[in-house]
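Student: One file: input.txt (compact mmCIF, C-alpha atoms).
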```
# COMPACT_ATOMS: atom_id res chain seq x y z
CA PRO A 246 88.40 80.42 100.23
CA PHE A 247 90.26 83.39 101.71
CA GLU A 248 93.95 83.44 101.01
CA LEU A 249 96.66 86.06 101.37
CA GLU A 250 99.33 86.22 98.74
CA VAL A 251 102.44 88.28 98.17
CA ASN A 252 102.84 89.64 94.68
CA ASP A 253 106.37 90.37 93.43
CA LEU A 254 106.64 93.31 91.06
CA PRO A 255 109.97 92.97 89.21
CA ALA A 256 109.96 96.60 88.09
CA THR A 257 110.14 97.91 91.64
CA GLY A 258 111.27 94.98 93.76
CA ARG A 259 108.22 95.68 95.95
CA LYS A 260 105.79 93.15 97.37
CA ASP A 261 102.08 93.85 97.71
CA VAL A 262 99.58 92.24 100.07
CA TYR A 263 96.19 91.46 98.55
CA ALA A 264 93.42 88.85 98.54
CA ALA A 265 94.18 86.09 96.06
CA ASN A 266 90.69 85.95 94.57
CA GLY A 267 90.05 89.69 94.64
CA SER A 268 87.99 89.69 97.83
CA ALA A 269 88.04 88.16 101.26
CA GLN A 270 85.52 85.34 101.16
CA TYR A 271 85.05 82.20 103.17
CA THR A 272 83.75 78.92 101.79
CA ARG A 273 80.56 77.90 103.57
CA ASN A 274 80.13 74.19 104.19
CA MET A 275 78.83 71.90 106.89
CA GLY A 276 81.45 72.90 109.45
CA THR A 277 82.70 76.07 111.08
CA ILE A 278 85.88 77.91 110.20
CA GLN A 279 88.47 78.76 112.82
CA PHE A 280 90.80 81.57 111.85
CA ASP A 281 93.89 81.44 114.07
CA PRO A 282 95.82 84.65 114.74
CA MET A 283 99.15 85.18 113.05
CA VAL A 284 102.32 84.40 114.96
CA PRO A 285 104.80 87.22 114.35
CA ARG A 286 108.37 86.24 113.59
CA PRO A 287 110.86 86.79 116.42
CA TYR A 288 112.85 90.02 116.42
CA ARG A 289 116.38 90.77 117.55
CA ARG A 290 116.37 91.42 121.28
CA MET A 291 119.32 93.81 121.41
CA ARG A 292 120.11 96.67 119.09
CA VAL A 293 123.23 98.77 118.58
CA ARG A 294 121.14 101.83 119.52
CA ASP A 295 120.72 100.35 123.02
CA LEU A 296 124.35 101.27 123.80
CA PHE A 297 123.81 104.97 123.04
CA PRO A 298 122.21 107.80 124.94
CA VAL A 299 119.81 109.23 122.38
CA ALA A 300 119.15 112.95 122.06
CA THR A 301 116.48 114.76 120.07
CA THR A 302 117.03 117.61 117.65
CA SER A 303 114.93 119.97 115.57
CA ALA A 304 117.76 120.66 113.11
CA ASN A 305 118.63 118.88 109.89
CA LEU A 306 122.40 119.16 110.46
CA ILE A 307 124.51 118.66 113.58
CA ASP A 308 127.60 120.90 113.46
CA TYR A 309 130.28 120.25 116.07
CA PHE A 310 134.00 120.38 116.81
CA ARG A 311 136.29 117.47 117.59
CA VAL A 312 139.02 118.26 120.10
CA LEU A 313 142.12 116.60 118.67
CA GLY A 314 144.40 117.48 121.58
CA PHE A 315 147.61 119.44 122.02
CA THR A 316 150.09 119.77 119.19
CA GLN A 317 153.11 119.58 121.53
CA ASN A 318 154.74 116.45 122.95
CA SER A 319 152.54 113.89 121.22
CA GLY A 320 149.35 115.48 122.44
CA VAL A 321 150.40 115.94 126.06
CA GLY A 322 151.02 119.67 125.79
CA SER A 323 153.78 121.91 127.10
CA ALA A 324 152.79 121.99 130.78
CA ALA A 325 155.90 122.09 133.00
CA SER A 326 157.17 123.40 136.31
CA VAL A 327 158.03 127.10 136.19
CA PRO A 328 160.35 128.89 138.67
CA ASP A 329 159.29 132.23 140.12
CA ARG A 330 162.48 133.82 138.81
CA THR A 331 164.94 132.84 136.14
CA ALA A 332 168.20 134.29 134.80
CA THR A 333 168.29 135.11 131.09
CA ASN A 334 172.10 134.92 130.79
CA GLY A 335 173.15 132.94 133.86
CA SER A 336 173.93 136.08 135.80
CA ALA A 337 172.12 136.59 139.09
CA GLY A 338 171.88 140.30 138.45
CA ASN A 339 169.58 139.83 135.45
CA ASP A 340 166.87 137.69 137.12
CA VAL A 341 163.39 137.99 135.58
CA PHE A 342 160.06 136.37 136.39
CA GLY A 343 159.63 132.87 135.04
CA LEU A 344 157.83 132.49 131.69
CA LYS A 345 155.07 129.87 131.46
CA PRO A 346 155.11 127.60 128.39
CA LYS A 347 152.26 127.80 125.87
CA SER A 348 150.25 124.82 124.62
CA ASP A 349 148.23 124.80 121.41
CA LEU A 350 144.96 122.87 121.14
CA THR A 351 143.87 121.50 117.77
CA PHE A 352 140.21 121.40 116.77
CA GLN A 353 138.51 119.87 113.77
CA SER A 354 135.14 120.97 112.42
CA ALA A 355 132.74 118.13 111.62
CA GLN A 356 129.13 117.71 110.61
CA ALA A 357 126.54 114.98 111.02
CA PRO A 358 123.63 115.40 108.58
CA VAL A 359 120.21 114.03 109.46
CA ARG A 360 119.41 111.04 107.25
CA THR A 361 116.03 109.57 106.36
CA ILE A 362 115.55 105.79 106.57
CA ALA A 363 112.26 104.58 105.12
CA HIS A 364 110.40 101.88 103.20
CA TRP A 365 106.78 101.09 102.37
CA GLU A 366 104.31 98.33 101.58
CA ALA A 367 101.19 98.28 99.40
CA ALA A 368 98.01 96.55 100.56
CA HIS A 369 94.40 96.25 99.47
CA ARG A 370 91.95 98.06 101.72
CA ASN A 371 89.52 95.12 101.72
CA VAL A 372 92.20 92.79 103.06
CA LEU A 373 93.02 95.18 105.90
CA ASP A 374 89.30 95.49 106.72
CA ASP A 375 88.70 91.73 106.64
CA VAL A 376 91.82 90.81 108.61
CA PRO A 377 92.34 93.60 111.17
CA GLN A 378 95.39 91.92 112.67
CA LEU A 379 97.18 92.24 109.33
CA GLN A 380 97.49 96.00 109.75
CA SER A 381 99.34 95.55 113.03
CA VAL A 382 101.63 92.93 111.50
CA ILE A 383 102.50 95.19 108.56
CA ASN A 384 103.21 98.11 110.89
CA SER A 385 105.44 95.99 113.12
CA GLU A 386 107.36 94.48 110.22
CA LEU A 387 107.97 97.86 108.59
CA LEU A 388 109.21 99.34 111.87
CA TYR A 389 111.42 96.31 112.43
CA GLY A 390 112.87 96.77 108.95
CA LEU A 391 113.87 100.31 109.93
CA GLN A 392 115.64 98.95 113.01
CA LEU A 393 117.64 96.45 110.96
CA GLU A 394 118.80 99.11 108.51
CA GLU A 395 119.53 101.54 111.33
CA ASP A 396 121.81 99.02 113.04
CA ARG A 397 123.66 98.41 109.79
CA GLN A 398 124.20 102.10 109.10
CA ILE A 399 125.27 102.94 112.67
CA LEU A 400 128.00 100.33 112.34
CA SER A 401 128.90 100.23 108.63
CA GLY A 402 127.18 103.14 106.90
CA SER A 403 129.29 104.54 104.05
CA GLY A 404 128.40 108.21 104.53
CA ASN A 405 127.47 108.28 100.81
CA ASN A 406 124.13 108.06 99.04
CA GLU A 407 122.32 109.61 102.01
CA GLU A 408 123.64 106.97 104.46
CA LEU A 409 124.97 107.66 107.94
CA LEU A 410 128.74 107.51 108.32
CA GLY A 411 129.05 104.40 110.47
CA LEU A 412 131.41 103.94 113.40
CA LEU A 413 133.51 101.31 111.63
CA ASN A 414 134.11 103.67 108.69
CA THR A 415 134.91 106.77 110.75
CA THR A 416 138.44 108.09 110.33
CA GLY A 417 140.44 108.09 113.56
CA ILE A 418 139.01 105.06 115.35
CA GLN A 419 141.58 102.68 116.79
CA THR A 420 142.10 99.08 115.72
CA TYR A 421 143.19 95.86 117.39
CA THR A 422 143.90 92.45 115.86
CA GLN A 423 143.83 89.26 117.90
CA VAL A 424 147.19 87.49 118.05
CA VAL A 425 147.58 83.75 117.70
CA SER A 426 148.29 83.11 121.39
CA GLU A 427 145.11 84.89 122.55
CA GLN A 428 141.59 83.67 123.06
CA LYS A 429 138.74 85.85 121.84
CA ALA A 430 138.02 87.08 125.35
CA ASP A 431 141.65 88.20 125.62
CA ALA A 432 141.30 90.23 122.42
CA LEU A 433 138.16 91.89 123.74
CA ARG A 434 139.95 92.98 126.91
CA ARG A 435 143.06 94.22 125.12
CA ALA A 436 140.94 96.25 122.69
CA ALA A 437 139.20 97.89 125.65
CA THR A 438 142.61 98.80 127.05
CA LYS A 439 143.36 100.84 123.93
CA ALA A 440 140.28 102.96 124.62
CA LEU A 441 141.30 103.31 128.28
CA ILE A 442 144.79 104.45 127.27
CA ALA A 443 143.06 107.20 125.28
CA ASN A 444 141.28 108.14 128.56
CA TYR A 445 137.87 106.81 127.56
CA GLU A 446 136.10 104.09 129.50
CA PRO A 447 134.37 101.59 127.17
CA THR A 448 130.65 101.12 127.75
CA GLY A 449 129.88 98.06 125.62
CA TYR A 450 130.78 95.54 122.94
CA VAL A 451 129.16 94.68 119.61
CA LEU A 452 129.82 91.14 118.36
CA HIS A 453 128.46 88.75 115.77
CA PRO A 454 126.45 85.88 117.41
CA TYR A 455 128.98 83.27 116.24
CA ASP A 456 131.85 85.18 117.87
CA TRP A 457 129.90 85.69 121.09
CA GLU A 458 129.11 81.98 121.08
CA ASP A 459 132.84 81.23 121.00
CA VAL A 460 133.46 83.60 123.92
CA GLU A 461 130.70 82.07 126.06
CA LEU A 462 131.87 78.53 125.29
CA GLN A 463 135.46 79.19 126.30
CA LYS A 464 136.71 76.72 128.91
CA GLY A 465 139.57 77.02 131.33
CA ASP A 466 142.72 75.02 130.73
CA GLY A 467 142.81 71.82 132.71
CA ASP A 468 139.50 71.96 134.58
CA GLY A 469 137.21 72.17 131.54
CA GLN A 470 134.93 74.65 133.30
CA TYR A 471 133.17 77.40 131.39
CA MET A 472 134.89 80.72 131.97
CA LEU A 473 131.75 82.85 131.59
CA VAL A 474 129.23 80.55 133.29
CA SER A 475 127.63 83.47 135.16
CA ASN A 476 126.56 84.97 131.85
CA VAL A 477 124.40 82.00 130.88
CA ALA A 478 122.37 82.02 134.08
CA ILE A 479 118.66 82.56 133.60
CA GLY A 480 117.90 86.24 133.37
CA ALA A 481 121.54 87.34 133.36
CA GLN A 482 122.49 90.15 131.00
CA ALA A 483 125.10 89.29 128.39
CA GLN A 484 128.31 90.87 129.66
CA VAL A 485 132.04 90.47 129.26
CA TRP A 486 134.74 92.38 131.13
CA ARG A 487 132.04 94.29 133.04
CA GLN A 488 130.53 95.66 129.82
CA PRO A 489 127.17 94.82 128.17
CA VAL A 490 127.26 92.89 124.92
CA VAL A 491 125.06 93.41 121.87
CA GLU A 492 125.22 90.29 119.71
CA THR A 493 123.89 91.07 116.27
CA PRO A 494 124.33 89.90 112.67
CA ALA A 495 124.59 93.61 111.77
CA ILE A 496 128.35 93.32 112.35
CA ALA A 497 130.44 90.94 110.24
CA GLU A 498 131.65 87.71 111.78
CA GLY A 499 135.26 88.10 112.85
CA THR A 500 134.85 91.82 113.63
CA PHE A 501 133.90 93.45 116.92
CA LEU A 502 133.56 96.97 118.24
CA THR A 503 134.06 98.47 121.68
CA GLY A 504 134.27 102.03 122.90
CA ALA A 505 132.70 104.86 124.84
CA PHE A 506 129.29 104.79 123.19
CA GLY A 507 127.95 107.41 125.59
CA LEU A 508 130.73 109.98 125.39
CA GLY A 509 132.44 109.27 122.07
CA ALA A 510 129.33 109.30 119.87
CA LYS A 511 125.69 110.25 120.05
CA ILE A 512 122.53 109.45 118.10
CA TYR A 513 120.14 112.31 117.39
CA ASP A 514 116.47 111.63 116.66
CA ARG A 515 115.05 114.22 114.28
CA GLN A 516 111.91 112.14 113.73
CA GLN A 517 111.28 108.92 115.63
CA ALA A 518 110.18 105.86 113.68
CA ASN A 519 106.53 106.14 112.68
CA VAL A 520 103.98 104.63 110.30
CA ARG A 521 101.67 106.55 107.95
CA ILE A 522 98.93 105.30 105.61
CA ALA A 523 97.73 107.06 102.46
CA GLU A 524 95.70 106.42 99.29
CA GLN A 525 97.27 109.32 97.37
CA HIS A 526 99.80 107.29 95.40
CA ALA A 527 99.53 106.75 91.65
CA ASP A 528 96.10 105.16 91.00
CA PHE A 529 95.76 103.58 94.46
CA PHE A 530 92.53 105.47 95.23
CA VAL A 531 90.58 103.98 92.31
CA ARG A 532 92.09 100.55 92.93
CA ASN A 533 91.09 100.57 96.60
CA ALA A 534 94.73 100.19 97.61
CA VAL A 535 96.75 101.92 100.31
CA ALA A 536 100.44 102.61 100.85
CA VAL A 537 101.81 101.93 104.32
CA LEU A 538 104.99 103.95 104.93
CA ALA A 539 107.48 103.59 107.79
CA GLU A 540 110.07 106.32 108.22
CA GLU A 541 112.58 107.80 110.65
CA ARG A 542 115.16 110.60 110.53
CA ILE A 543 118.35 110.31 112.56
CA ALA A 544 121.92 111.61 112.73
CA LEU A 545 125.07 110.03 114.15
CA ALA A 546 127.81 112.30 115.48
CA VAL A 547 131.12 110.58 116.30
CA LYS A 548 132.75 113.31 118.37
CA ARG A 549 135.66 111.28 119.76
CA PRO A 550 136.76 108.66 117.18
CA GLU A 551 139.74 107.56 119.31
CA SER A 552 137.34 106.36 122.00
CA PHE A 553 136.28 103.45 119.73
CA VAL A 554 138.29 100.35 118.84
CA LYS A 555 137.51 98.13 115.87
CA GLY A 556 138.72 94.63 116.62
CA THR A 557 139.49 91.73 114.30
CA PHE A 558 139.51 88.11 115.40
CA SER A 559 142.27 86.04 113.82
CA ALA A 560 141.30 82.80 112.12
CA GLU A 561 144.55 81.20 113.34
CA ALA A 562 144.04 82.19 116.98
CA SER A 563 142.35 80.15 119.68
CA SER A 564 138.61 80.60 120.15
```
Translate the structure described by the file into structure tokens.
Tutor:
Amino acid sequence: PFELEVNDLPATGRKDVYAANGSAQYTRNMGTIQFDPMVPRPYRRMRVRDLFPVATTSANLIDYFRVLGFTQNSGVGSAASVPDRTATNGSAGNDVFGLKPKSDLTFQSAQAPVRTIAHWEAAHRNVLDDVPQLQSVINSELLYGLQLEEDRQILSGSGNNEELLGLLNTTGIQTYTQVVSEQKADALRRAATKALIANYEPTGYVLHPYDWEDVELQKGDGDGQYMLVSNVAIGAQAQVWRQPVVETPAIAEGTFLTGAFGLGAKIYDRQQANVRIAEQHADFFVRNAVAVLAEERIALAVKRPESFVKGTFSAEASS
């Protein structure tokens, strides 16, 4: 009988798809065989990328400047009212035209290198020929694997070993920690205020599903009514404090992120996610095997770190 198996290769940690008995054969008997289509596993509905405007680039390095603000008066600058005339020594006879104060802007050079995210799967050509749907499943799973890794790196990438430098690890982002007297929804709003104080309007939140569950299940004191009941209506978009919410396991439970995803940072697509198939790998040609490769090339430029706020939920605080 026909059977698909997954073969673990300890030397590489890779799994191959092949026919268990070396070929795709069906046992013939007195009945007929019904081969049901595969049911793909469910995918995450929302991605961190959904909060960003995405640009394309033909370069392999994004070079830009961060405007750090004025050096005078805690970043406000030296702007002030200036009289038309002023006396240098208090004597009216020595009046001169007023001198305008000078402000100094500070800039910081920064770079966002394009990074490659990729992985591949090996399969036997006969299996792909005998089960055409399998090719589509492999393609979809490989592309989905890129999305999972992309979400992780956008949030928590280390910037080392060819990873993106994630938002949570970017120097200069603000932080907020929930206090004991606050509910989680309070902490979300107060974190957004820190971005607003920096003159950036937040455009979304990223939360772990368990934390978002706590927010949606919050009830008002006394009446026991759900505080965010409008968000659980059929077809309603997940929102809190007028901002869309991406609930994803890509962010650690107890941590959340808000900020100006459109203005403060941008994703650049150097090469959109794609799938390629080739026999030219090792001895795959003579073994009738193929390599299925999924790959993308992207860069993340965090131009205004202060527009993002990394929040921490306190274990002692109210949900």
Student: Restricting the calculation to only C-alpha atoms: of A:Val537, A:Ala325, A:Leu393, A:Ile442, which residue gets closest to A:Leu379?
Tutor: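 Among the listed residues, A:Val537 lies closest to A:Leu379.
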Student: Hey, what's within 8 Å of A:Arg294 if we count all atoms listed in the file and toss same-chain stuff fewer than 3 positions away? As a PyMOL selection string, please?
Tutor: chain A and resi 297+396+512
Student: I need the residue nearest A:Gln488 from this list: A:Leu400, A:Ile383, A:Ile307, A:Leu296. Use all atoms listed in the file for the distance.
Tutor: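 Of all the options, A:Leu296 lies closest to A:Gln488.
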Student: Rank A:Asp431, A:Asp456, A:Glu394, A:Gly504 by their smallest atom-to-atom distance to A:Met472, using only C-alpha atoms, and report the top residue only.
Tutor: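 Closest residue, counting only C-alpha atoms: A:Asp431.
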Student: Between atom CA of A:Arg515 and atom CA of A:Glu541, what is the distance, to one decimal in Å?
Tutor: 7.8 Å
Student: Distance table requested - stretch 462-546 of chain A against stretch 415-425 of chain A, cut-off 12 Å, only C-alpha atoms: one row per qualifying residue with the closest atom pair and its distance in Å to one decimal, ordered by chain and rising residue number, as a Markdown table.
Tutor:
```
| residue | atom | partner | partner_atom | distance |
| --- | --- | --- | --- | --- |
| A:Gly499 | CA | A:Gln423 | CA | 10.0 |
| A:Thr500 | CA | A:Thr422 | CA | 9.3 |
| A:Phe501 | CA | A:Tyr421 | CA | 9.6 |
| A:Leu502 | CA | A:Thr420 | CA | 9.2 |
| A:Thr503 | CA | A:Gln419 | CA | 9.9 |
| A:Gly504 | CA | A:Ile418 | CA | 9.4 |
| A:Ala505 | CA | A:Ile418 | CA | 11.4 |
| A:Gly509 | CA | A:Ile418 | CA | 10.3 |
| A:Ala510 | CA | A:Thr415 | CA | 11.0 |
| A:Leu545 | CA | A:Thr415 | CA | 10.9 |
| A:Ala546 | CA | A:Thr415 | CA | 10.2 |
```
Student: Quick one: pull the distance between atom CA of A:Leu373 and atom CA of A:Ala518, Å, one decimal.
Tutor: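 We find that atom CA of A:Leu373 and atom CA of A:Ala518 lie 21.7 Å from each other.
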Student: Between A:Tyr445, A:Trp365, A:Tyr309, A:Phe553, which one has atoms that come closest to A:Val520, using only C-alpha atoms?
Tutor: A:Trp365
Student: Show me a table, sorted first by chain and then by increasing residue number, of the residues of stretch 335-432 of chain A having an atom at most 9 Å from stretch 458-462 of chain A, each with its shortest atom pair and the distance in Å to one decimal, counting all atoms listed in the file and written as a Markdown table.
Tutor:
```
| residue | atom | partner | partner_atom | distance |
| --- | --- | --- | --- | --- |
| A:Gln428 | CA | A:Val460 | CA | 8.2 |
| A:Lys429 | CA | A:Val460 | CA | 6.1 |
| A:Ala430 | CA | A:Val460 | CA | 5.9 |
```
Student: Between A:Phe315, A:Tyr513, A:Phe352, A:Tyr450, which has the minimum distance to A:Arg542 (counting all atoms listed in the file)?
Tutor: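 Nearest candidate to A:Arg542 out of A:Phe315, A:Tyr513, A:Phe352, A:Tyr450: A:Tyr513.
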Student: Counting all atoms listed in the file, what is within 10 Å of A:Phe530, bar same-chain residues fewer than 6 positions away, as a list in words?
Tutor: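 Residues meeting the cut-off are Arg370, Ala523 and Glu524 of chain A.
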Student: Add whatever atoms are absent from stretch 378-389 of chain A to reach all heavy atoms, and provide the output as a PDB file, in the frame of the given file.
Tutor:
```pdb
ATOM      1  N   GLN A 378      94.074  92.162 112.092  1.00  0.00           N
ATOM      2  CA  GLN A 378      95.390  91.920 112.670  1.00  0.00           C
ATOM      3  C   GLN A 378      96.499  92.182 111.657  1.00  0.00           C
ATOM      4  O   GLN A 378      97.630  92.500 112.022  1.00  0.00           O
ATOM      5  CB  GLN A 378      95.489  90.489 113.184  1.00  0.00           C
ATOM      6  CG  GLN A 378      96.799  90.201 113.900  1.00  0.00           C
ATOM      7  CD  GLN A 378      97.000  88.722 114.172  1.00  0.00           C
ATOM      8  OE1 GLN A 378      96.228  87.891 113.709  1.00  0.00           O
ATOM      9  NE2 GLN A 378      98.042  88.390 114.924  1.00  0.00           N
ATOM     10  N   LEU A 379      96.157  92.071 110.363  1.00  0.00           N
ATOM     11  CA  LEU A 379      97.180  92.240 109.330  1.00  0.00           C
ATOM     12  C   LEU A 379      97.786  93.639 109.369  1.00  0.00           C
ATOM     13  O   LEU A 379      98.973  93.814 109.122  1.00  0.00           O
ATOM     14  CB  LEU A 379      96.578  91.957 107.948  1.00  0.00           C
ATOM     15  CG  LEU A 379      97.557  91.968 106.768  1.00  0.00           C
ATOM     16  CD1 LEU A 379      98.624  90.906 106.952  1.00  0.00           C
ATOM     17  CD2 LEU A 379      96.809  91.756 105.460  1.00  0.00           C
ATOM     18  N   GLN A 380      96.977  94.648 109.681  1.00  0.00           N
ATOM     19  CA  GLN A 380      97.490  96.000 109.750  1.00  0.00           C
ATOM     20  C   GLN A 380      98.583  96.120 110.803  1.00  0.00           C
ATOM     21  O   GLN A 380      99.627  96.729 110.597  1.00  0.00           O
ATOM     22  CB  GLN A 380      96.361  96.977 110.077  1.00  0.00           C
ATOM     23  CG  GLN A 380      96.807  98.432 110.201  1.00  0.00           C
ATOM     24  CD  GLN A 380      97.283  99.005 108.886  1.00  0.00           C
ATOM     25  OE1 GLN A 380      96.487  99.173 107.966  1.00  0.00           O
ATOM     26  NE2 GLN A 380      98.570  99.308 108.777  1.00  0.00           N
ATOM     27  N   SER A 381      98.343  95.507 111.965  1.00  0.00           N
ATOM     28  CA  SER A 381      99.340  95.550 113.030  1.00  0.00           C
ATOM     29  C   SER A 381     100.615  94.819 112.629  1.00  0.00           C
ATOM     30  O   SER A 381     101.727  95.277 112.927  1.00  0.00           O
ATOM     31  CB  SER A 381      98.758  94.927 114.306  1.00  0.00           C
ATOM     32  OG  SER A 381      99.723  94.854 115.324  1.00  0.00           O
ATOM     33  N   VAL A 382     100.462  93.691 111.938  1.00  0.00           N
ATOM     34  CA  VAL A 382     101.630  92.930 111.500  1.00  0.00           C
ATOM     35  C   VAL A 382     102.456  93.736 110.507  1.00  0.00           C
ATOM     36  O   VAL A 382     103.685  93.806 110.597  1.00  0.00           O
ATOM     37  CB  VAL A 382     101.201  91.585 110.875  1.00  0.00           C
ATOM     38  CG1 VAL A 382     102.400  90.882 110.237  1.00  0.00           C
ATOM     39  CG2 VAL A 382     100.569  90.690 111.924  1.00  0.00           C
ATOM     40  N   ILE A 383     101.777  94.378 109.549  1.00  0.00           N
ATOM     41  CA  ILE A 383     102.500  95.190 108.560  1.00  0.00           C
ATOM     42  C   ILE A 383     103.241  96.326 109.247  1.00  0.00           C
ATOM     43  O   ILE A 383     104.421  96.590 108.972  1.00  0.00           O
ATOM     44  CB  ILE A 383     101.526  95.740 107.499  1.00  0.00           C
ATOM     45  CG1 ILE A 383     100.971  94.599 106.649  1.00  0.00           C
ATOM     46  CG2 ILE A 383     102.225  96.762 106.610  1.00  0.00           C
ATOM     47  CD1 ILE A 383      99.906  95.030 105.661  1.00  0.00           C
ATOM     48  N   ASN A 384     102.565  97.011 110.164  1.00  0.00           N
ATOM     49  CA  ASN A 384     103.210  98.110 110.890  1.00  0.00           C
ATOM     50  C   ASN A 384     104.455  97.629 111.618  1.00  0.00           C
ATOM     51  O   ASN A 384     105.519  98.255 111.569  1.00  0.00           O
ATOM     52  CB  ASN A 384     102.241  98.738 111.879  1.00  0.00           C
ATOM     53  CG  ASN A 384     101.097  99.465 111.206  1.00  0.00           C
ATOM     54  OD1 ASN A 384     101.083  99.618 109.989  1.00  0.00           O
ATOM     55  ND2 ASN A 384     100.131  99.910 111.986  1.00  0.00           N
ATOM     56  N   SER A 385     104.320  96.508 112.337  1.00  0.00           N
ATOM     57  CA  SER A 385     105.440  95.990 113.120  1.00  0.00           C
ATOM     58  C   SER A 385     106.601  95.576 112.233  1.00  0.00           C
ATOM     59  O   SER A 385     107.771  95.848 112.543  1.00  0.00           O
ATOM     60  CB  SER A 385     104.987  94.790 113.967  1.00  0.00           C
ATOM     61  OG  SER A 385     104.001  95.172 114.905  1.00  0.00           O
ATOM     62  N   GLU A 386     106.296  94.931 111.112  1.00  0.00           N
ATOM     63  CA  GLU A 386     107.360  94.480 110.220  1.00  0.00           C
ATOM     64  C   GLU A 386     108.083  95.668 109.578  1.00  0.00           C
ATOM     65  O   GLU A 386     109.305  95.658 109.444  1.00  0.00           O
ATOM     66  CB  GLU A 386     106.773  93.571 109.135  1.00  0.00           C
ATOM     67  CG  GLU A 386     106.350  92.201 109.632  1.00  0.00           C
ATOM     68  CD  GLU A 386     107.521  91.336 110.039  1.00  0.00           C
ATOM     69  OE1 GLU A 386     108.614  91.491 109.461  1.00  0.00           O
ATOM     70  OE2 GLU A 386     107.356  90.503 110.942  1.00  0.00           O
ATOM     71  N   LEU A 387     107.333  96.685 109.196  1.00  0.00           N
ATOM     72  CA  LEU A 387     107.970  97.860 108.590  1.00  0.00           C
ATOM     73  C   LEU A 387     108.871  98.570 109.606  1.00  0.00           C
ATOM     74  O   LEU A 387     109.990  98.988 109.287  1.00  0.00           O
ATOM     75  CB  LEU A 387     106.916  98.817 108.061  1.00  0.00           C
ATOM     76  CG  LEU A 387     106.182  98.379 106.784  1.00  0.00           C
ATOM     77  CD1 LEU A 387     105.074  99.367 106.439  1.00  0.00           C
ATOM     78  CD2 LEU A 387     107.136  98.232 105.612  1.00  0.00           C
ATOM     79  N   LEU A 388     108.387  98.706 110.837  1.00  0.00           N
ATOM     80  CA  LEU A 388     109.210  99.340 111.870  1.00  0.00           C
ATOM     81  C   LEU A 388     110.445  98.508 112.173  1.00  0.00           C
ATOM     82  O   LEU A 388     111.543  99.046 112.386  1.00  0.00           O
ATOM     83  CB  LEU A 388     108.381  99.553 113.135  1.00  0.00           C
ATOM     84  CG  LEU A 388     107.265 100.604 113.036  1.00  0.00           C
ATOM     85  CD1 LEU A 388     106.412 100.592 114.294  1.00  0.00           C
ATOM     86  CD2 LEU A 388     107.845 101.996 112.801  1.00  0.00           C
ATOM     87  N   TYR A 389     110.281  97.193 112.186  1.00  0.00           N
ATOM     88  CA  TYR A 389     111.420  96.310 112.430  1.00  0.00           C
ATOM     89  C   TYR A 389     112.445  96.420 111.300  1.00  0.00           C
ATOM     90  O   TYR A 389     113.655  96.405 111.530  1.00  0.00           O
ATOM     91  CB  TYR A 389     110.947  94.873 112.575  1.00  0.00           C
ATOM     92  CG  TYR A 389     112.047  93.884 112.864  1.00  0.00           C
ATOM     93  CD1 TYR A 389     112.897  94.056 113.958  1.00  0.00           C
ATOM     94  CD2 TYR A 389     112.239  92.764 112.060  1.00  0.00           C
ATOM     95  CE1 TYR A 389     113.903  93.142 114.230  1.00  0.00           C
ATOM     96  CE2 TYR A 389     113.240  91.848 112.325  1.00  0.00           C
ATOM     97  CZ  TYR A 389     114.073  92.044 113.412  1.00  0.00           C
ATOM     98  OH  TYR A 389     115.075  91.136 113.678  1.00  0.00           O
TER      99      TYR A 389
END
```
